[in-house]
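protein_32.cif (mmCIF, C-alpha atoms)
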```
data_protein
#
loop_
_atom_site.group_PDB
_atom_site.id
_atom_site.type_symbol
_atom_site.label_atom_id
_atom_site.label_comp_id
_atom_site.auth_asym_id
_atom_site.auth_seq_id
_atom_site.Cartn_x
_atom_site.Cartn_y
_atom_site.Cartn_z
ATOM 1 C CA SER A 1 44.443 38.556 -190.425
ATOM 2 C CA PRO A 2 45.699 35.089 -191.305
ATOM 3 C CA VAL A 3 45.218 32.277 -188.807
ATOM 4 C CA CYS A 4 48.262 30.612 -187.282
ATOM 5 C CA GLY A 5 48.643 26.900 -188.005
ATOM 6 C CA THR A 6 49.911 26.170 -184.497
ATOM 7 C CA GLY A 7 46.932 25.061 -182.443
ATOM 8 C CA TRP A 8 44.627 24.866 -185.480
ATOM 9 C CA ASP A 9 42.509 21.744 -185.167
ATOM 10 C CA MET A 10 39.584 19.955 -186.765
ATOM 11 C CA LYS A 11 37.123 21.331 -184.178
ATOM 12 C CA THR A 12 37.935 24.955 -185.046
ATOM 13 C CA ALA A 13 38.043 24.103 -188.758
ATOM 14 C CA ASN A 14 34.564 22.518 -188.531
ATOM 15 C CA GLU A 15 33.241 25.636 -186.799
ATOM 16 C CA THR A 16 34.859 27.817 -189.463
ATOM 17 C CA CYS A 17 33.222 25.841 -192.274
ATOM 18 C CA ARG A 18 29.846 25.995 -190.525
ATOM 19 C CA MET A 19 30.180 29.784 -190.195
ATOM 20 C CA ILE A 20 30.591 30.194 -193.951
ATOM 21 C CA GLY A 21 27.722 27.909 -194.933
ATOM 22 C CA TYR A 22 29.262 24.465 -195.257
ATOM 23 C CA VAL A 23 28.383 21.295 -193.386
ATOM 24 C CA GLY A 24 31.895 20.792 -192.008
ATOM 25 C CA ALA A 25 35.605 20.395 -192.622
ATOM 26 C CA PHE A 26 37.020 17.713 -194.898
ATOM 27 C CA LYS A 27 40.700 18.303 -194.085
ATOM 28 C CA ILE A 28 42.937 20.890 -192.457
ATOM 29 C CA SER A 29 46.406 22.273 -193.059
ATOM 30 C CA VAL A 30 48.833 23.835 -190.597
ATOM 31 C CA GLN A 31 51.698 24.392 -193.069
ATOM 32 C CA SER A 32 50.499 27.267 -195.313
ATOM 33 C CA LEU A 33 49.226 24.734 -197.866
ATOM 34 C CA PHE A 34 47.298 27.432 -199.732
ATOM 35 C CA GLY A 35 50.175 29.912 -199.904
ATOM 36 C CA GLU A 36 52.506 31.828 -197.641
ATOM 37 C CA VAL A 37 50.927 34.386 -195.332
ATOM 38 C CA PRO A 38 52.342 37.366 -193.430
ATOM 39 C CA THR A 39 53.414 36.198 -189.990
ATOM 40 C CA SER A 40 53.556 39.501 -188.103
ATOM 41 C CA SER A 41 49.823 39.754 -187.438
ATOM 42 C CA MET A 42 48.628 36.145 -187.243
ATOM 43 C CA VAL A 43 45.594 35.259 -185.160
ATOM 44 C CA TYR A 44 46.100 32.267 -182.861
ATOM 45 C CA ASP A 45 44.746 30.487 -179.794
ATOM 46 C CA ILE A 46 41.205 30.699 -181.221
ATOM 47 C CA LYS A 47 38.462 29.605 -178.857
ATOM 48 C CA CYS A 48 34.859 29.448 -180.055
ATOM 49 C CA ARG A 49 31.720 28.604 -178.068
ATOM 50 C CA GLY A 50 30.014 27.170 -181.159
ATOM 51 C CA ASP A 51 27.295 29.762 -181.748
ATOM 52 C CA GLU A 52 29.447 32.451 -183.392
ATOM 53 C CA TRP A 53 28.700 33.700 -186.898
ATOM 54 C CA SER A 54 32.359 34.500 -187.659
ATOM 55 C CA LEU A 55 35.840 33.692 -186.370
ATOM 56 C CA ALA A 56 36.089 37.385 -185.497
ATOM 57 C CA ALA A 57 33.382 36.760 -182.860
ATOM 58 C CA CYS A 58 35.496 34.059 -181.166
ATOM 59 C CA SER A 59 38.171 34.862 -178.609
ATOM 60 C CA TYR A 60 41.717 34.883 -179.991
ATOM 61 C CA LYS A 61 45.162 36.420 -179.632
ATOM 62 C CA GLU A 62 46.773 38.690 -182.206
ATOM 63 C CA ASP A 63 49.967 39.965 -180.679
ATOM 64 C CA GLY A 64 52.679 38.637 -182.976
ATOM 65 C CA GLY A 65 53.248 35.692 -180.641
ATOM 66 C CA CYS A 66 52.146 32.859 -182.890
ATOM 67 C CA PRO A 67 54.662 30.074 -182.174
ATOM 68 C CA ALA A 68 56.398 28.292 -185.049
ATOM 69 C CA LEU A 69 55.808 24.585 -185.517
ATOM 70 C CA ASP A 70 58.570 22.164 -184.652
ATOM 71 C CA GLY A 71 61.498 22.514 -187.034
ATOM 72 C CA SER A 72 60.144 25.587 -188.815
ATOM 73 C CA PRO A 73 61.871 28.971 -188.462
ATOM 74 C CA LEU A 74 58.597 30.896 -188.954
ATOM 75 C CA PRO A 75 54.967 30.231 -188.079
ATOM 76 C CA LYS A 76 52.785 28.843 -190.857
ATOM 77 C CA GLY A 77 49.197 29.633 -191.804
ATOM 78 C CA ALA A 78 46.165 27.466 -191.133
ATOM 79 C CA GLY A 79 43.894 26.211 -193.880
ATOM 80 C CA VAL A 80 40.751 24.169 -194.306
ATOM 81 C CA VAL A 81 38.921 22.370 -197.095
ATOM 82 C CA CYS A 82 35.201 22.512 -196.357
ATOM 83 C CA GLN A 83 32.556 20.130 -197.629
ATOM 84 C CA GLY A 84 28.872 20.262 -198.357
ATOM 85 C CA TYR A 85 26.721 23.395 -198.530
ATOM 86 C CA ARG A 86 23.815 24.023 -196.188
ATOM 87 C CA VAL A 87 20.829 25.329 -198.114
ATOM 88 C CA GLU A 88 17.540 26.932 -197.184
ATOM 89 C CA LEU A 89 14.433 27.996 -199.064
ATOM 90 C CA ARG A 90 12.929 31.461 -198.676
ATOM 91 C CA GLY A 91 9.785 33.177 -199.836
ATOM 92 C CA GLY A 92 7.659 30.157 -200.716
ATOM 93 C CA SER A 93 4.065 29.727 -199.595
ATOM 94 C CA THR A 94 4.896 26.250 -198.217
ATOM 95 C CA ALA A 95 8.034 24.588 -196.831
ATOM 96 C CA ARG A 96 8.556 22.722 -200.098
ATOM 97 C CA GLU A 97 9.138 25.757 -202.314
ATOM 98 C CA GLY A 98 11.223 28.883 -202.369
ATOM 99 C CA ALA A 99 14.302 30.732 -203.499
ATOM 100 C CA VAL A 100 17.520 28.781 -202.859
ATOM 101 C CA TYR A 101 19.949 30.397 -200.413
ATOM 102 C CA ILE A 102 23.414 29.327 -199.310
ATOM 103 C CA THR A 103 24.915 31.241 -196.361
ATOM 104 C CA ASN A 104 22.204 33.916 -196.470
ATOM 105 C CA GLN A 105 22.940 34.632 -200.130
ATOM 106 C CA PRO A 106 20.755 33.681 -203.088
ATOM 107 C CA VAL A 107 21.813 31.357 -205.895
ATOM 108 C CA TYR A 108 22.019 32.957 -209.365
ATOM 109 C CA HIS A 109 19.840 31.191 -211.946
ATOM 110 C CA LEU A 110 22.403 30.808 -214.774
ATOM 111 C CA ASN A 111 22.020 27.210 -216.068
ATOM 112 C CA TRP A 112 19.781 26.300 -213.084
ATOM 113 C CA GLY A 113 17.831 23.174 -213.972
ATOM 114 C CA THR A 114 15.853 20.211 -212.717
ATOM 115 C CA GLU A 115 18.946 18.217 -211.705
ATOM 116 C CA ASP A 116 20.195 21.097 -209.532
ATOM 117 C CA ALA A 117 16.730 21.498 -208.018
ATOM 118 C CA SER A 118 16.490 17.745 -207.306
ATOM 119 C CA VAL A 119 19.779 17.765 -205.390
ATOM 120 C CA THR A 120 18.623 20.822 -203.417
ATOM 121 C CA CYS A 121 15.287 19.238 -202.532
ATOM 122 C CA ARG A 122 16.863 15.949 -201.426
ATOM 123 C CA MET A 123 19.254 17.931 -199.204
ATOM 124 C CA LEU A 124 16.164 19.325 -197.479
ATOM 125 C CA GLY A 125 14.548 15.916 -196.964
ATOM 126 C CA PHE A 126 12.195 15.841 -199.956
ATOM 127 C CA SER A 127 12.074 13.042 -202.509
ATOM 128 C CA GLY A 128 13.042 15.300 -205.417
ATOM 129 C CA ALA A 129 11.972 18.355 -207.376
ATOM 130 C CA GLU A 130 8.731 19.056 -209.174
ATOM 131 C CA ARG A 131 10.471 21.873 -210.982
ATOM 132 C CA ALA A 132 13.326 24.344 -210.968
ATOM 133 C CA THR A 133 12.449 28.031 -211.105
ATOM 134 C CA THR A 134 14.364 31.008 -212.460
ATOM 135 C CA GLY A 135 13.723 34.742 -212.561
ATOM 136 C CA SER A 136 13.415 35.151 -208.781
ATOM 137 C CA THR A 137 10.008 33.475 -208.637
ATOM 138 C CA PHE A 138 9.845 33.544 -204.822
ATOM 139 C CA VAL A 139 12.070 36.402 -203.639
ATOM 140 C CA ARG A 140 12.613 39.491 -205.774
ATOM 141 C CA GLN A 141 16.305 40.308 -206.169
ATOM 142 C CA PRO A 142 17.274 43.893 -206.923
ATOM 143 C CA GLN A 143 20.100 45.019 -209.167
ATOM 144 C CA HIS A 144 23.482 44.889 -207.340
ATOM 145 C CA THR A 145 22.721 41.622 -205.545
ATOM 146 C CA ARG A 146 25.596 39.362 -204.500
ATOM 147 C CA TYR A 147 24.898 35.722 -205.307
ATOM 148 C CA LYS A 148 26.724 32.941 -203.442
ATOM 149 C CA ALA A 149 26.955 30.515 -206.358
ATOM 150 C CA TYR A 150 25.871 29.970 -209.958
ATOM 151 C CA ASN A 151 26.254 27.789 -213.022
ATOM 152 C CA PHE A 152 25.578 24.520 -211.201
ATOM 153 C CA GLN A 153 26.154 21.433 -213.341
ATOM 154 C CA CYS A 154 24.584 18.670 -211.236
ATOM 155 C CA SER A 155 23.923 15.261 -212.747
ATOM 156 C CA GLY A 156 21.106 14.755 -210.236
ATOM 157 C CA SER A 157 22.771 11.933 -208.318
ATOM 158 C CA GLU A 158 24.825 14.142 -205.970
ATOM 159 C CA THR A 159 23.917 14.364 -202.285
ATOM 160 C CA ASN A 160 24.909 18.025 -201.882
ATOM 161 C CA LEU A 161 25.067 21.074 -204.177
ATOM 162 C CA GLY A 162 28.689 21.466 -203.104
ATOM 163 C CA ASP A 163 29.440 18.192 -204.906
ATOM 164 C CA CYS A 164 28.289 19.640 -208.242
ATOM 165 C CA SER A 165 30.557 21.632 -210.512
ATOM 166 C CA HIS A 166 29.705 25.331 -210.079
ATOM 167 C CA SER A 167 31.112 28.837 -209.787
ATOM 168 C CA LEU A 168 31.156 31.117 -206.751
ATOM 169 C CA ASN A 169 30.360 34.750 -205.998
ATOM 170 C CA PHE A 170 28.446 36.445 -208.763
ATOM 171 C CA TYR A 171 27.694 40.151 -208.492
ATOM 172 C CA SER A 172 24.702 41.274 -210.531
ATOM 173 C CA SER A 173 25.431 44.857 -211.550
ATOM 174 C CA GLY A 174 22.999 44.748 -214.456
ATOM 175 C CA TYR A 175 23.268 45.827 -218.083
ATOM 176 C CA MET A 176 21.077 47.105 -220.907
ATOM 177 C CA GLY A 177 20.571 45.030 -224.055
ATOM 178 C CA ASN A 178 18.046 45.432 -226.861
ATOM 179 C CA GLY A 179 16.198 48.024 -224.810
ATOM 180 C CA ILE A 180 15.763 45.572 -221.889
ATOM 181 C CA TRP A 181 17.390 45.920 -218.455
ATOM 182 C CA TYR A 182 19.042 42.692 -217.283
ATOM 183 C CA GLY A 183 20.401 41.994 -213.828
ATOM 184 C CA GLU A 184 17.434 42.096 -211.465
ATOM 185 C CA ASN A 185 15.416 39.097 -210.370
ATOM 186 C CA VAL A 186 17.852 36.431 -211.485
ATOM 187 C CA GLY A 187 17.555 34.116 -208.475
ATOM 188 C CA ALA A 188 17.133 30.340 -208.631
ATOM 189 C CA GLY A 189 14.351 28.477 -206.844
ATOM 190 C CA VAL A 190 12.712 25.101 -206.438
ATOM 191 C CA VAL A 191 9.380 23.431 -205.944
ATOM 192 C CA CYS A 192 10.092 20.148 -204.177
ATOM 193 C CA SER A 193 8.040 16.968 -204.253
ATOM 194 C CA TYR A 194 7.081 14.909 -201.189
#
```
Final structure tokens representation of the file:
Amino acid sequence: SPVCGTGWDMKTANETCRMIGYVGAFKISVQSLFGEVPTSSMVYDIKCRGDEWSLAACSYKEDGGCPALDGSPLPKGAGVVCQGYRVELRGGSTAREGAVYITNQPVYHLNWGTEDASVTCRMLGFSGAERATTGSTFVRQPQHTRYKAYNFQCSGSETNLGDCSHSLNFYSSGYMGNGIWYGENVGAGVVCSY
């Protein structure tokens, strides 16, 4: 269900961004900035403790009673622009290496390079990257894996992967080409330097 703009605030927006793998909210909207939404089933009066994994785990009302904002005949939808990914490494033999994950989903290795790895490593407190890895070096990824992001185009100077040009949500269904099966083990990784 869409979220009602009335009562939507930066605190709830920050929690929402955190739940989906970002550092926090950059700006919010209470006027259906991202498009009109159905108003008959809007969620409103959201109250989160701060440890929820989803807005659905917070308390809220959904009874058609979302109040309209001043001067508007109908209620409007809430929106948020999030900033900065949170990343983690998995599967490495030390804390400085591993497969790159954003929001519990791996990163697809298409165009993954040293600049992307350097940004990732600096996000985690390292000085940079020794190397970028492809082909699921640290965590094997089966066919039909959902990848959070791919095709990063970092220059190397960014402070967060979210600041780099990239694409979202790749589904690796696999395909056959030249007698070779493609689509498994296509995760990106890093080896960071101290």
- Taking the file as shown, what set of residues would the PyMOL selection byres ((chain A and resi 40-43) around 7) give back, as an MDAnalysis selection string? chainID A and resid 1:4 38:39 44 60:64 66
- Message: Can you spell out as a VMD selection string the set of residues that the PyMOL selection byres ((chain A and resi 104) around 12) selects in the structure I just provided?
- Response: chain A and resid 19 to 22 53 85 to 90 99 to 103 105 to 107 145 to 149
- Task: Give the answer as one residue: which of A:Gly7, A:Thr120, A:Leu69, A:Leu110 has the shortest atom-to-atom distance to A:Cys164, using all atoms listed in the file?
- Result: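 Answer, going by the shortest atom-to-atom distance: A:Thr120.
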- Item | Non-local contacts of A:Gly24 (8 Å; all atoms listed in the file; under 4 positions in same chain excluded) as a list in words |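 Contacts, with the query itself left out: Ala13, Asn14, Glu15, Cys17, Arg18, Cys82, Gln83 and Gly84 of chain A.
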- Query: If you measure from atom CA of A:Thr114 to atom CA of A:Arg131, what distance in Å do you get, rounded to one decimal?
  - Reply: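 Atom-to-atom, atom CA of A:Thr114 to atom CA of A:Arg131, that is 5.9 Å.
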- Message: With distances taken over only C-alpha atoms, which residue among A:Ser157, A:Phe126, A:Gly50, A:Gly79 lies nearest A:Phe26?
- Response: A:Gly79
- For A:Gln153, which residue out of A:Val139, A:Ala117, A:Val186, A:Val80 is the nearest one, using all atoms listed in the file?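 Checking each candidate against A:Gln153, we get A:Ala117 as the closest.
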- Exactly which residues make up the result of the PyMOL selection byres ((chain A and resi 140) around 8) on this file, given as a list in words?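 With the PyMOL selection byres ((chain A and resi 140) around 8) on this model, the match is Ser136, Thr137, Phe138, Val139, Gln141, Pro142, Glu184, Asn185 and Gly187 of chain A.
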- Task: For atom CA of A:Ala25 and atom CA of A:Cys121, quote the distance in Å rounded to one decimal.
- Result: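 Taking atom CA of A:Ala25 as the start and atom CA of A:Cys121 as the end point, the length is 22.6 Å.
Atom pair atom CA of A:Asp45 / atom CA of A:Ser59 has a distance of 8.0 Å (rounded to one decimal).
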- Message: Counting all atoms listed in the file, which residue out of A:Arg122, A:His144, A:Lys11, A:Lys47 sits closest to A:Leu161?
- Response: A:Arg122
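Closest approach to A:Gly125 from the set A:Arg96, A:His166, A:Cys48, A:Cys154 is made by A:Arg96, with distances taken over all atoms listed in the file.
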- Message: Using all atoms listed in the file for the distances, tell me which of A:Glu115, A:Gly189, A:Met123, A:Tyr194 is nearest to A:Gly156.
- Response: A:Glu115
